[in-house]
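Before any comments, here is the structure.
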Amino acid sequence: MGSTSRNQIYLVTGGCGFLGKHLVQMLLEQEPDLAEVRVFDLHLDESMRHLNRVTLIQGDITNPEDVRTAVQGANVVIHTASLVDVWGRFSPEKINAVNVCGTQNVIEACVSEGTQYLVYTSSMEVVGPNTKGDHFYRGNENTPYKSIHELPYPVSKTKAEKLVLEANGRPMKGGKHLVTCALRPTGIYGENHPLIKEFYKQGLLTGRWMFRAIPASVEHGRVYVGNVAWMHLLAARKIQESPVSMGGQVYYCYDSSPYKSYEDFNMEILRPCGFRLLGSRPLIPYFLLHLIAFLNVFLQWVLKPFFTYAPILNPYTLVIASTTFTVATDKAQRHFGYKPQYTWEESLSRTVKWLQEVDTQTQAGK
Ligand SMILES: NC(=O)c1ccc[n+]([C@@H]2O[C@H](COP(=O)([O-])OP(=O)(O)OC[C@H]3O[C@@H](n4cnc5c(N)ncnc54)[C@H](O)[C@@H]3O)[C@@H](O)[C@H]2O)c1
Ligand SMILES: C[C@@H](CO)CCC[C@@H](C)[C@H]1CC[C@H]2[C@@H]3[C@H](O)C=C4C[C@@H](O)CC[C@]4(C)[C@H]3CC[C@]12C
């Protein structure tokens with residue numbers, strides 16, 4: 001390890017989430033300078049407690065004191081904590097509190113505690129797809145696009161990203177300056193992906209038959225969780241070495257996962273578990289899908305006093321799934337030497353292996 005002994009303290013907010021856990025694992029395996037990784041989350045995963053060099057911190061990102069305590073003494077903060085909700089599971093106020101005010105708390109804690117480096121997990125959603133259905137085809141960080149934000153989640157991610165980028169260069173005690181950057185994943189997939197598990201469960205109800213609803217020509221950007229984690233690690237390293245070139249920058253997350261429709265991509269993962277997709281063209285007319293999506297909104301409203309009805313399909317998710325959004329960029333490679341750590345074949349086989357294990361357990365539990 002040479003002269004650089006283990007001296008880096010990383011704080012990962014949302015470290016018990018889907019991406020967060022992969023990121024913590026990646027730091028433990030790939031960061032030679034790592035002294036400690038602090039995992040800050042509202043809901044702790046106790047199975048992570050035994051991990052060497054991991055400190056679990058239960059806290060609420062909306063509470064400035066919780067955040068300040070966690071940040072104290074950290075060298076770098078990777079801020080992934082967020083409410084990921086495009087289904088109306090949480091109120092707009094709650095989403096704003098966690099995603100926007102929580103991010104402001106992280107920034108203020110970095111400044112007051114002298115933690116100079118902040119990497120923020122943003123989202124493709126800060127750009128699009130927009131609700132007009134304008135396609136974003138193989139775009140990069142400079143591609144012009146008419147972003148329209150209406151729903152609380154994309155609105156909150158956009159505000160939070162702006163806060164993070166505007167905080168770059170903020171003076172701190174000791175003459176230092178805060179250095180920030182943002183990574184924008186497209187649709188993340190991989191082991192423990194909650195949404196693919198949801199599609200898996202729905203598919204079991206129809207005898208492992210899936211029904212094409214979206215034209216195969218609509219491409220949806222997907223990126224493997226291990227590569228997203230790898231990008232965060234590399235960005236966190238480089239931002240310390242080259243604060244001037246990295247500070248205030250945004251990067252799309254990408255890898256060699258193929259451009260496909262959302263459903264065709266999911267089938268790559270589901271097919272090895274015996275699932276089949278019916279129809280080379282959408283089986284349900286678009287207007288009918290729209291009608292069902294609106295009916296779901298109506299039912300959500302009617303049922304609100306009793307429970308939260310939040311099905312996968314609503315007018316917003318329908319628009320996203322029906323609008324091409326794919327990126328083609330090498331900015332992360334140019335700025336911090338990113339090359340995907342996992343090939344498409346590895347990413348797929350790791351994800352399939354996980355889902356097959358889920359399948360075996362599900363069948364055994366029947
Ligand atoms: N999943 C995707 O496809 C995707 C795509 C693009 C960007 N992102 C972004 O990546 C990040 C991680 O997403 P994910 O899919 O892993 O989500 P996730 O829900 O699995 O993880 C988020 C974590 O944040 C924690 N959290 C929520 N509220 C909190 C609070 N008040 N205080 C502390 N912790 C809190 C949750 O407990 C959870 O562990 C998010 O910022 C999300 O916006 C996700
Ligand atoms: C119409 C259905 C027929 O099978 C399919 C509906 C699929 C949608 C539920 C998902 C299509 C695209 C997804 C989103 C996308 O991958 C990117 C996202 C950004 C991230 O920050 C949060 C999650 C999400 C909004 C993701 C959510 C689910 C989709 C809308």
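Scheme for the structure tokens: letters A, B, ... for chains in order shown; per-chain residue numbers from 1; ligand numbers from 1 in order shown.
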For segment 30-37 of chain A, work out the shell of residues within 7 Å, counting only C-alpha atoms and skipping chain neighbours fewer than 3 positions away, then give it as an MDAnalysis selection string. chainID A and resid 4:11 26:27 53:55
Can you pull out the residues contacting Ile196 of chain A? Cut-off 10 Å, using only C-alpha atoms, and skip same-chain residues under 2 positions away; I want them as a ChimeraX atom specification. /A:189-194,198-202,266-267,269-270,351,355
Around ligand 1, which protein and nucleic acid residues have at least one atom no more than 8 Å from it, if we count only C-alpha atoms and all ligand atoms? List them as a ChimeraX atom specification. /A:13-21,40-44,58-62,79-84,97-99,102,120-125,157,184-189,193-194
Atom CA of Ala74 of chain A and atom CA of Leu118 of chain A are how many Å apart?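 Atom CA of Leu118 of chain A lies at a distance of 10.5 Å from atom CA of Ala74 of chain A.
Using only C-alpha atoms for every distance, the candidate list A:Ile78, A:Leu291, A:Val218, A:Ala182 yields A:Val218 as the residue closest to Phe136 of chain A.
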Would you give me, as a PDB file with N, CA and C atoms, in the first residue's frame, the residues in segment 13-53 of chain A that DSSP reads as strand (DSSP E)?
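Result written to result.pdb:
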```
ATOM      1  N   THR A  13     -24.553   7.929   2.571  1.00  0.00           N
ATOM      2  CA  THR A  13     -25.936   8.084   3.047  1.00  0.00           C
ATOM      3  C   THR A  13     -26.812   7.163   2.202  1.00  0.00           C
ATOM      4  N   LEU A  34      -9.128   2.867   2.378  1.00  0.00           N
ATOM      5  CA  LEU A  34     -10.301   2.961   3.251  1.00  0.00           C
ATOM      6  C   LEU A  34      -9.998   2.565   4.699  1.00  0.00           C
ATOM      7  N   ALA A  35     -10.267   3.512   5.607  1.00  0.00           N
ATOM      8  CA  ALA A  35     -10.122   3.195   7.038  1.00  0.00           C
ATOM      9  C   ALA A  35     -11.483   2.778   7.598  1.00  0.00           C
ATOM     10  N   GLU A  36     -12.525   3.491   7.165  1.00  0.00           N
ATOM     11  CA  GLU A  36     -13.871   3.241   7.707  1.00  0.00           C
ATOM     12  C   GLU A  36     -14.912   3.664   6.682  1.00  0.00           C
ATOM     13  N   VAL A  37     -15.978   2.896   6.590  1.00  0.00           N
ATOM     14  CA  VAL A  37     -17.116   3.378   5.809  1.00  0.00           C
ATOM     15  C   VAL A  37     -18.316   3.476   6.739  1.00  0.00           C
ATOM     16  N   ARG A  38     -18.796   4.709   6.839  1.00  0.00           N
ATOM     17  CA  ARG A  38     -19.970   4.958   7.680  1.00  0.00           C
ATOM     18  C   ARG A  38     -21.212   4.809   6.816  1.00  0.00           C
ATOM     19  N   VAL A  39     -22.093   3.961   7.282  1.00  0.00           N
ATOM     20  CA  VAL A  39     -23.324   3.690   6.533  1.00  0.00           C
ATOM     21  C   VAL A  39     -24.470   4.361   7.278  1.00  0.00           C
ATOM     22  N   PHE A  40     -24.964   5.427   6.684  1.00  0.00           N
ATOM     23  CA  PHE A  40     -26.028   6.215   7.326  1.00  0.00           C
ATOM     24  C   PHE A  40     -27.350   5.892   6.642  1.00  0.00           C
ATOM     25  N   ASP A  41     -28.313   5.449   7.417  1.00  0.00           N
ATOM     26  CA  ASP A  41     -29.614   5.137   6.817  1.00  0.00           C
ATOM     27  C   ASP A  41     -30.712   5.214   7.867  1.00  0.00           C
TER      28      ASP A  41
END
```
Restricting to only C-alpha atoms, whichever of A:Ala236, A:Leu303, A:Leu51, A:Val179 is closest to Tyr338 of chain A is A:Ala236
Do you know which residues are at most 12 Å from segment 206-212 of chain A counting only C-alpha atoms, after dropping those on the same chain fewer than 6 positions away, and could you put them as number ranges by chain? A: 199-200, 261-267, 270-286, 289, 321-322, 359
Using only C-alpha atoms and all ligand atoms for the distances, tell me which of A:Leu234, A:Val164, A:Val86, A:Val297 is nearest to ligand 2.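 Answer, going by the shortest atom-to-atom distance: A:Val86.
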Helix (DSSP H, G or I) call set, DSSP backbone run, segment 45-197 of chain A, as a JSON list (two decimals) with N, CA and C atoms, in the first residue's frame:
```
[["chain", "number", "residue", "atom", "x", "y", "z"],
["A", 46, "GLU", "N", -29.16, -4.87, 9.44],
["A", 46, "GLU", "CA", -28.29, -5.39, 10.51],
["A", 46, "GLU", "C", -27.28, -6.41, 10.00],
["A", 47, "SER", "N", -27.57, -7.01, 8.83],
["A", 47, "SER", "CA", -26.62, -8.00, 8.30],
["A", 47, "SER", "C", -25.29, -7.34, 7.90],
["A", 48, "MET", "N", -25.28, -5.99, 7.83],
["A", 48, "MET", "CA", -24.04, -5.29, 7.45],
["A", 48, "MET", "C", -23.17, -4.99, 8.67],
["A", 64, "PRO", "N", -30.92, 17.76, 10.73],
["A", 64, "PRO", "CA", -29.56, 18.33, 10.54],
["A", 64, "PRO", "C", -28.56, 17.81, 11.56],
["A", 65, "GLU", "N", -29.02, 17.57, 12.78],
["A", 65, "GLU", "CA", -28.10, 17.12, 13.84],
["A", 65, "GLU", "C", -27.60, 15.70, 13.56],
["A", 66, "ASP", "N", -28.51, 14.82, 13.14],
["A", 66, "ASP", "CA", -28.13, 13.44, 12.77],
["A", 66, "ASP", "C", -27.06, 13.48, 11.68],
["A", 67, "VAL", "N", -27.28, 14.35, 10.71],
["A", 67, "VAL", "CA", -26.39, 14.40, 9.54],
["A", 67, "VAL", "C", -25.02, 14.94, 9.96],
["A", 68, "ARG", "N", -25.06, 16.01, 10.75],
["A", 68, "ARG", "CA", -23.80, 16.62, 11.19],
["A", 68, "ARG", "C", -22.94, 15.62, 11.96],
["A", 69, "THR", "N", -23.57, 14.87, 12.86],
["A", 69, "THR", "CA", -22.82, 13.89, 13.66],
["A", 69, "THR", "C", -22.19, 12.84, 12.75],
["A", 70, "ALA", "N", -22.93, 12.40, 11.75],
["A", 70, "ALA", "CA", -22.41, 11.37, 10.84],
["A", 70, "ALA", "C", -21.26, 11.89, 9.98],
["A", 71, "VAL", "N", -21.36, 13.15, 9.59],
["A", 71, "VAL", "CA", -20.36, 13.73, 8.67],
["A", 71, "VAL", "C", -19.04, 14.04, 9.39],
["A", 92, "PRO", "N", -45.88, 14.62, -1.57],
["A", 92, "PRO", "CA", -44.88, 15.52, -2.17],
["A", 92, "PRO", "C", -44.04, 16.21, -1.10],
["A", 93, "GLU", "N", -44.66, 16.53, 0.04],
["A", 93, "GLU", "CA", -43.94, 17.22, 1.13],
["A", 93, "GLU", "C", -42.83, 16.33, 1.68],
["A", 94, "LYS", "N", -43.15, 15.04, 1.84],
["A", 94, "LYS", "CA", -42.18, 14.09, 2.38],
["A", 94, "LYS", "C", -41.01, 13.92, 1.40],
["A", 95, "ILE", "N", -41.35, 13.81, 0.12],
["A", 95, "ILE", "CA", -40.30, 13.63, -0.91],
["A", 95, "ILE", "C", -39.38, 14.85, -0.93],
["A", 96, "ASN", "N", -40.00, 16.03, -0.82],
["A", 96, "ASN", "CA", -39.19, 17.25, -0.80],
["A", 96, "ASN", "C", -38.30, 17.29, 0.45],
["A", 97, "ALA", "N", -38.87, 16.91, 1.58],
["A", 97, "ALA", "CA", -38.11, 16.96, 2.85],
["A", 97, "ALA", "C", -36.88, 16.06, 2.76],
["A", 98, "VAL", "N", -37.07, 14.84, 2.27],
["A", 98, "VAL", "CA", -35.95, 13.89, 2.24],
["A", 98, "VAL", "C", -34.97, 14.25, 1.12],
["A", 99, "ASN", "N", -35.50, 14.45, -0.08],
["A", 99, "ASN", "CA", -34.61, 14.58, -1.25],
["A", 99, "ASN", "C", -33.97, 15.97, -1.37],
["A", 100, "VAL", "N", -34.72, 17.00, -1.00],
["A", 100, "VAL", "CA", -34.18, 18.36, -1.16],
["A", 100, "VAL", "C", -33.60, 18.88, 0.16],
["A", 101, "CYS", "N", -34.44, 18.92, 1.22],
["A", 101, "CYS", "CA", -33.94, 19.44, 2.51],
["A", 101, "CYS", "C", -32.84, 18.53, 3.04],
["A", 102, "GLY", "N", -32.99, 17.21, 2.82],
["A", 102, "GLY", "CA", -31.95, 16.26, 3.26],
["A", 102, "GLY", "C", -30.62, 16.57, 2.57],
["A", 103, "THR", "N", -30.68, 16.89, 1.30],
["A", 103, "THR", "CA", -29.45, 17.22, 0.56],
["A", 103, "THR", "C", -28.85, 18.53, 1.08],
["A", 104, "GLN", "N", -29.73, 19.49, 1.37],
["A", 104, "GLN", "CA", -29.23, 20.75, 1.94],
["A", 104, "GLN", "C", -28.53, 20.48, 3.28],
["A", 105, "ASN", "N", -29.12, 19.58, 4.08],
["A", 105, "ASN", "CA", -28.49, 19.22, 5.37],
["A", 105, "ASN", "C", -27.10, 18.63, 5.16],
["A", 106, "VAL", "N", -26.97, 17.80, 4.13],
["A", 106, "VAL", "CA", -25.66, 17.17, 3.85],
["A", 106, "VAL", "C", -24.65, 18.26, 3.47],
["A", 107, "ILE", "N", -25.07, 19.19, 2.62],
["A", 107, "ILE", "CA", -24.17, 20.27, 2.20],
["A", 107, "ILE", "C", -23.72, 21.09, 3.41],
["A", 108, "GLU", "N", -24.70, 21.49, 4.23],
["A", 108, "GLU", "CA", -24.38, 22.33, 5.40],
["A", 108, "GLU", "C", -23.45, 21.58, 6.35],
["A", 109, "ALA", "N", -23.69, 20.29, 6.53],
["A", 109, "ALA", "CA", -22.85, 19.50, 7.43],
["A", 109, "ALA", "C", -21.42, 19.42, 6.89],
["A", 110, "CYS", "N", -21.29, 19.24, 5.57],
["A", 110, "CYS", "CA", -19.95, 19.20, 4.97],
["A", 110, "CYS", "C", -19.22, 20.51, 5.25],
["A", 111, "VAL", "N", -19.92, 21.62, 5.05],
["A", 111, "VAL", "CA", -19.30, 22.94, 5.24],
["A", 111, "VAL", "C", -18.93, 23.14, 6.71],
["A", 112, "SER", "N", -19.87, 22.85, 7.61],
["A", 112, "SER", "CA", -19.58, 23.14, 9.03],
["A", 112, "SER", "C", -18.56, 22.17, 9.61],
["A", 113, "GLU", "N", -18.52, 20.95, 9.09],
["A", 113, "GLU", "CA", -17.58, 19.96, 9.67],
["A", 113, "GLU", "C", -16.26, 19.87, 8.90],
["A", 124, "MET", "N", -31.13, 10.36, -14.11],
["A", 124, "MET", "CA", -31.48, 10.80, -15.48],
["A", 124, "MET", "C", -32.75, 11.65, -15.46],
["A", 125, "GLU", "N", -33.57, 11.42, -14.41],
["A", 125, "GLU", "CA", -34.87, 12.10, -14.30],
["A", 125, "GLU", "C", -34.74, 13.62, -14.20],
["A", 126, "VAL", "N", -33.56, 14.13, -13.87],
["A", 126, "VAL", "CA", -33.41, 15.59, -13.84],
["A", 126, "VAL", "C", -33.44, 16.16, -15.27],
["A", 152, "PRO", "N", -43.35, 15.05, -8.01],
["A", 152, "PRO", "CA", -42.47, 15.38, -6.89],
["A", 152, "PRO", "C", -41.07, 14.77, -6.98],
["A", 153, "TYR", "N", -40.95, 13.51, -7.45],
["A", 153, "TYR", "CA", -39.62, 12.88, -7.46],
["A", 153, "TYR", "C", -38.66, 13.59, -8.43],
["A", 154, "PRO", "N", -38.99, 13.70, -9.73],
["A", 154, "PRO", "CA", -38.06, 14.42, -10.62],
["A", 154, "PRO", "C", -37.84, 15.87, -10.21],
["A", 155, "VAL", "N", -38.89, 16.52, -9.70],
["A", 155, "VAL", "CA", -38.73, 17.91, -9.24],
["A", 155, "VAL", "C", -37.69, 17.94, -8.12],
["A", 156, "SER", "N", -37.82, 17.00, -7.19],
["A", 156, "SER", "CA", -36.92, 17.01, -6.02],
["A", 156, "SER", "C", -35.48, 16.67, -6.43],
["A", 157, "LYS", "N", -35.31, 15.72, -7.34],
["A", 157, "LYS", "CA", -33.94, 15.36, -7.76],
["A", 157, "LYS", "C", -33.30, 16.54, -8.49],
["A", 158, "THR", "N", -34.11, 17.26, -9.27],
["A", 158, "THR", "CA", -33.59, 18.42, -10.00],
["A", 158, "THR", "C", -33.13, 19.52, -9.03],
["A", 159, "LYS", "N", -33.99, 19.78, -8.03],
["A", 159, "LYS", "CA", -33.63, 20.82, -7.05],
["A", 159, "LYS", "C", -32.39, 20.42, -6.28],
["A", 160, "ALA", "N", -32.34, 19.14, -5.89],
["A", 160, "ALA", "CA", -31.21, 18.67, -5.08],
["A", 160, "ALA", "C", -29.91, 18.73, -5.88],
["A", 161, "GLU", "N", -29.98, 18.31, -7.14],
["A", 161, "GLU", "CA", -28.76, 18.35, -7.97],
["A", 161, "GLU", "C", -28.26, 19.79, -8.10],
["A", 162, "LYS", "N", -29.21, 20.71, -8.29],
["A", 162, "LYS", "CA", -28.85, 22.13, -8.42],
["A", 162, "LYS", "C", -28.17, 22.62, -7.14],
["A", 163, "LEU", "N", -28.74, 22.25, -5.99],
["A", 163, "LEU", "CA", -28.15, 22.67, -4.71],
["A", 163, "LEU", "C", -26.71, 22.17, -4.60],
["A", 164, "VAL", "N", -26.52, 20.91, -4.98],
["A", 164, "VAL", "CA", -25.19, 20.29, -4.87],
["A", 164, "VAL", "C", -24.19, 21.01, -5.79],
["A", 165, "LEU", "N", -24.61, 21.25, -7.02],
["A", 165, "LEU", "CA", -23.69, 21.86, -7.98],
["A", 165, "LEU", "C", -23.39, 23.32, -7.61],
["A", 166, "GLU", "N", -24.43, 24.01, -7.11],
["A", 166, "GLU", "CA", -24.21, 25.41, -6.71],
["A", 166, "GLU", "C", -23.33, 25.53, -5.47],
["A", 167, "ALA", "N", -23.30, 24.45, -4.68],
["A", 167, "ALA", "CA", -22.49, 24.48, -3.45],
["A", 167, "ALA", "C", -21.01, 24.29, -3.76],
["A", 173, "LYS", "N", -14.11, 26.48, 6.66],
["A", 173, "LYS", "CA", -13.07, 26.96, 7.59],
["A", 173, "LYS", "C", -11.68, 26.44, 7.16],
["A", 174, "GLY", "N", -10.67, 27.16, 7.51],
["A", 174, "GLY", "CA", -9.30, 26.77, 7.19],
["A", 174, "GLY", "C", -8.94, 27.11, 5.74],
["A", 175, "GLY", "N", -9.72, 27.97, 5.11],
["A", 175, "GLY", "CA", -9.41, 28.39, 3.74],
["A", 175, "GLY", "C", -9.74, 27.34, 2.68],
["A", 194, "PRO", "N", -35.43, -3.99, -6.49],
["A", 194, "PRO", "CA", -36.80, -4.24, -6.04],
["A", 194, "PRO", "C", -37.82, -4.33, -7.17],
["A", 195, "LEU", "N", -37.61, -3.49, -8.22],
["A", 195, "LEU", "CA", -38.63, -3.44, -9.26],
["A", 195, "LEU", "C", -38.66, -4.71, -10.12],
["A", 196, "ILE", "N", -37.49, -5.29, -10.38],
["A", 196, "ILE", "CA", -37.49, -6.51, -11.20],
["A", 196, "ILE", "C", -38.13, -7.64, -10.40],
["A", 197, "LYS", "N", -37.97, -7.58, -9.08],
["A", 197, "LYS", "CA", -38.62, -8.58, -8.22],
["A", 197, "LYS", "C", -40.14, -8.42, -8.29]]
```
Of A:Ser257, A:Arg334, A:Phe325, A:Ala310, the one nearest to Trp87 of chain A when counting only C-alpha atoms is A:Ala310
Taking into account only C-alpha atoms, which residue in the set A:Thr180, A:Ser256, A:Asn140, A:Asn314 is nearest to Lys238 of chain A? A:Thr180
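With only C-alpha atoms and all ligand atoms as the atoms that count, the residue of A:Asn168, A:Thr131, A:Gln249, A:Thr343 with the shortest distance to ligand 2 is A:Thr131.
Our summary of the geometry notes that atom CA of Tyr252 of chain A is positioned 19.7 Å from atom 8 (C, counted along the ligand's line) of ligand 2.
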